[in-house]
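Right, one structure below, let's go through it.
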Number of protein chains: 2
Amino acid sequence: VEVQSQEEMRAEPEATLNADALLAVWPALSHTEQSEAFQRLPRNEAEDLFLALGAADQAVILHEISPADKRSWVRLLAPDDAADLVQELSPEERSWVLALLDDTSRREVTALLAYAEDEAGGLMSSRFIRLRPDMGVDEAITYLRQQAKGQVETIYYAYVLDSEQKLLGVASLRQIFTAAPDRRVRDIMETDLKVIPEDMDQEEVSRIFSQNDLTAMPVVDAEGRMKGIVTVDDIVTVVQEEATEDFQKMGGTEALDAPYFQISFLEMIKKRAGWLTVLFVGEMFTATAMGFFSKEIERAVVLALFIPLIISSGGNSGSQATTLIIRAMALGEVRIKDWWRVLARECASGLALGAILGSIGLLRIIFWPSRHTLYGDHYALIAAAVATSLVGVVLWGTLAGSMLPFLLRRLGFDPASASAPFVATIVDVTGLVIYFSVASLILGGTVL
Amino acid sequence: VEVQSQEEMRAEPEATLNADALLAVWPALSHTEQSEAFQRLPRNEAEDLFLALGAADQAVILHEISPADKRSWVRLLAPDDAADLVQELSPEERSWVLALLDDTSRREVTALLAYAEDEAGGLMSSRFIRLRPDMGVDEAITYLRQQAKGQVETIYYAYVLDSEQKLLGVASLRQIFTAAPDRRVRDIMETDLKVIPEDMDQEEVSRIFSQNDLTAMPVVDAEGRMKGIVTVDDIVTVVQEEATEDFQKMGGTEALDAPYFQISFLEMIKKRAGWLTVLFVGEMFTATAMGFFSKEIERAVVLALFIPLIISSGGNSGSQATTLIIRAMALGEVRIKDWWRVLARECASGLALGAILGSIGLLRIIFWPSRHTLYGDHYALIAAAVATSLVGVVLWGTLAGSMLPFLLRRLGFDPASASAPFVATIVDVTGLVIYFSVASLILGGTVL
């Protein structure tokens, strides 16, 4: 359906557009195409689109709107969305966008801006429904009906606060709705509360949401005062963003922070060249390591033939292990104190996988038709050296790949930085040393 | 907070447990630890935990419950959750779990089981609130209040159906709540509806949710009859699952489909050894390719020194490109018809990145203190050969890595199978051919 509407749109640029069709193809359009399409929309469709877009896209559109019209667009947004938008802007732009807001909203937005973007406080909305514990159920319903007409994020949960704004309990609209009319809010509210500290990292927040199947959760400060609510629709975005970030780091790039076609070419090269250069410089040690073994290679060129096979096997097994552990950490399945359990498990995995690849390698050399011409008379010894090295390199790759995320987290870095290429680079250098040491042991006196 | 509760739990196994604390550490426990902890919980806490867990975990627990008690546990679940649970069971278990349900629920669960697990139909709940278009607002509120007491997934949206169950519109509780009492449902309902076809893939469904910031969406069949609703809390789980699957494929493993510590050792080795063996067999072509160039290596061992550096640079740039494209495809930022735009962009990226690495490589060889001893008199020519090869290999790696996901999707495979190790393997073999061809051209007559 989406692809179809994209085709229609491109084929007939004059056809009437609507917000939904445009939203579906939005990430695939360039900035110019986006602003042209946006300006062709009727006002109400354009507003729907503007509200549905993320903050970064809203900022792009805001640039296109003439200064006189900007106010009504900025005021369309709820305070938490306005805060997100402001965070996308340059410092000069920020002040004039804030100036466009009404006083109440500006206060709320400024309060939200005090939080880091990836903290619970930065995700929350300060517009939620408040009840007093001694209200009757009918009074509460009337009060809810009033507040529902205003700008609140959700009317489906009402939060019961004392006079100091401390959170006493929560009542779902459903509980209030189905309670007997003579009861009080304090009788029906849930007091066994799950709350989010305002400085909790958004990745942790999303983990709590997905473990508990919740629609909204209250955010409190250190004194237990309620600051706002986080709703599950914001969490879907967070989960996608965090996964994308980990994904890109895993592939050996800095997180792009923008869709593929929207990031400028120079910006993308910068984000990719950084890690690629670091990996390249690390990989230069392979040339140095090989330098130490050039005597051995000269004596037995046959050894060189298996270098790519051996180091890539180490890299591949390391890449597997690091990916599994990074993802398991992100999902909370593995914690830093589990490192020894992982180590034990990966030791066994590394040996098993090494044995599998080693056996295949052994058979490949021993039964290769042209083994005598290619590998000489000592082909069986060479096969033994390659197979033994494979066990060692795969074991080492598996261990390095699985332990690196723990080490990085322990040192305060993001474990996702233990990308597949990073692990492969570490394993390449050490893999060569393992290979040539094993070869010297097994082939010393015959081939070497 | 979570880590703390885990420590407390392990340190004092006799301390009273609660569902929340146990839920937080659940994925990190072994099956035995899980069932022991579960059985120590008081019934109400145990029920909270059971309801909060995913279907796979529920299935594990169900095995531990004595046959006489199973019915009350199975009946705790809403039909969509019961259907998920049934899907985790063996065929024999399925029939007796279905037999434990009441007639209505069994019919609903059986209907849900007809959908594939990853289709919209498999995600949806068939318990939603239905309204007739000619109801008055007050009548609708009374009706809502009644239905809210029963088992419905959400009371926050009411769906307006005609006599043939065709979906006419939707009214949020908020709209009904704030409407003037003399209006009818048909006057206040939204008719500009976003609906999900029942056979839509869950990955597409989650994309629509995250683009539109919705709480619930109706699912319809090909005739427009409403079948159920999908709610955003189910989507968070889907997004996590899909990202995990892509992640693990990207790292060169089959998707594990279970948390790291819960999958059996043998099962894990099977999922890892498969791809590792395929990659290994692919990588064997490097030994074959190297065999063709063993004369060159014999004549100039210095060439062998740079083999790991050159092939790993190709692998790393390929891994970057493939990761970026796979993720952009999963998020809908890049579609299959954009392949030529990606090709153009990655051509430029590959040249730029190759030029950067090539320059570093050139300078590294030309200005290395022991260049004469290590690389001989023709070190400048060798530097030129290495630098030129780097440009070629990085360009090739970038193009192969970015185009492979398109090719795989075109052929009907999951683009995430174009894992970093897979791309690296392809690039290793061709990288060697590029390197030795360039070297023959530049060094022929001097070193070679």
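Ordering of the structure tokens sets the chain letters (A, B, ...); residue numbers start at 1 within each chain; ligands are numbered from 1 in the order shown.
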
Report task. As an MDAnalysis selection string, please: all residues of region 104-174 of chain A that backbone DSSP puts in alpha helix (DSSP H). Result -> chainID A and resid 104:113 120:123 137:149 173:174

Query - Expected answer as a PyMOL selection string: chain B residues within 6 Å of chain A, only C-alpha atoms - result: chain B and resi 27-28+52+210+212-213+233+236-237+251-252+283+287+290+305-306+309+316+319-320+323+333-334+421

Report task. Quick one: pick out all strand (DSSP E) residues within region 99-315 of chain A from a backbone DSSP run and write them as a VMD selection string. Result -> chain A and resid 129 to 131 157 to 161 167 to 172 196 to 197 216 to 220 226 to 231

Report task. Enter the distance from CA of Ser66 (chain A) to CA of Asp84 (chain A), in Å, rounded to one decimal. Result -> 21.0 Å

**Report entry** Nearest candidate to Leu112 (chain A) (options A:Asn44, A:Thr446, A:Ser417, A:Ser126; using only C-alpha atoms)
**Finding:**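 The closest residue to Leu112 (chain A) is A:Ser126.
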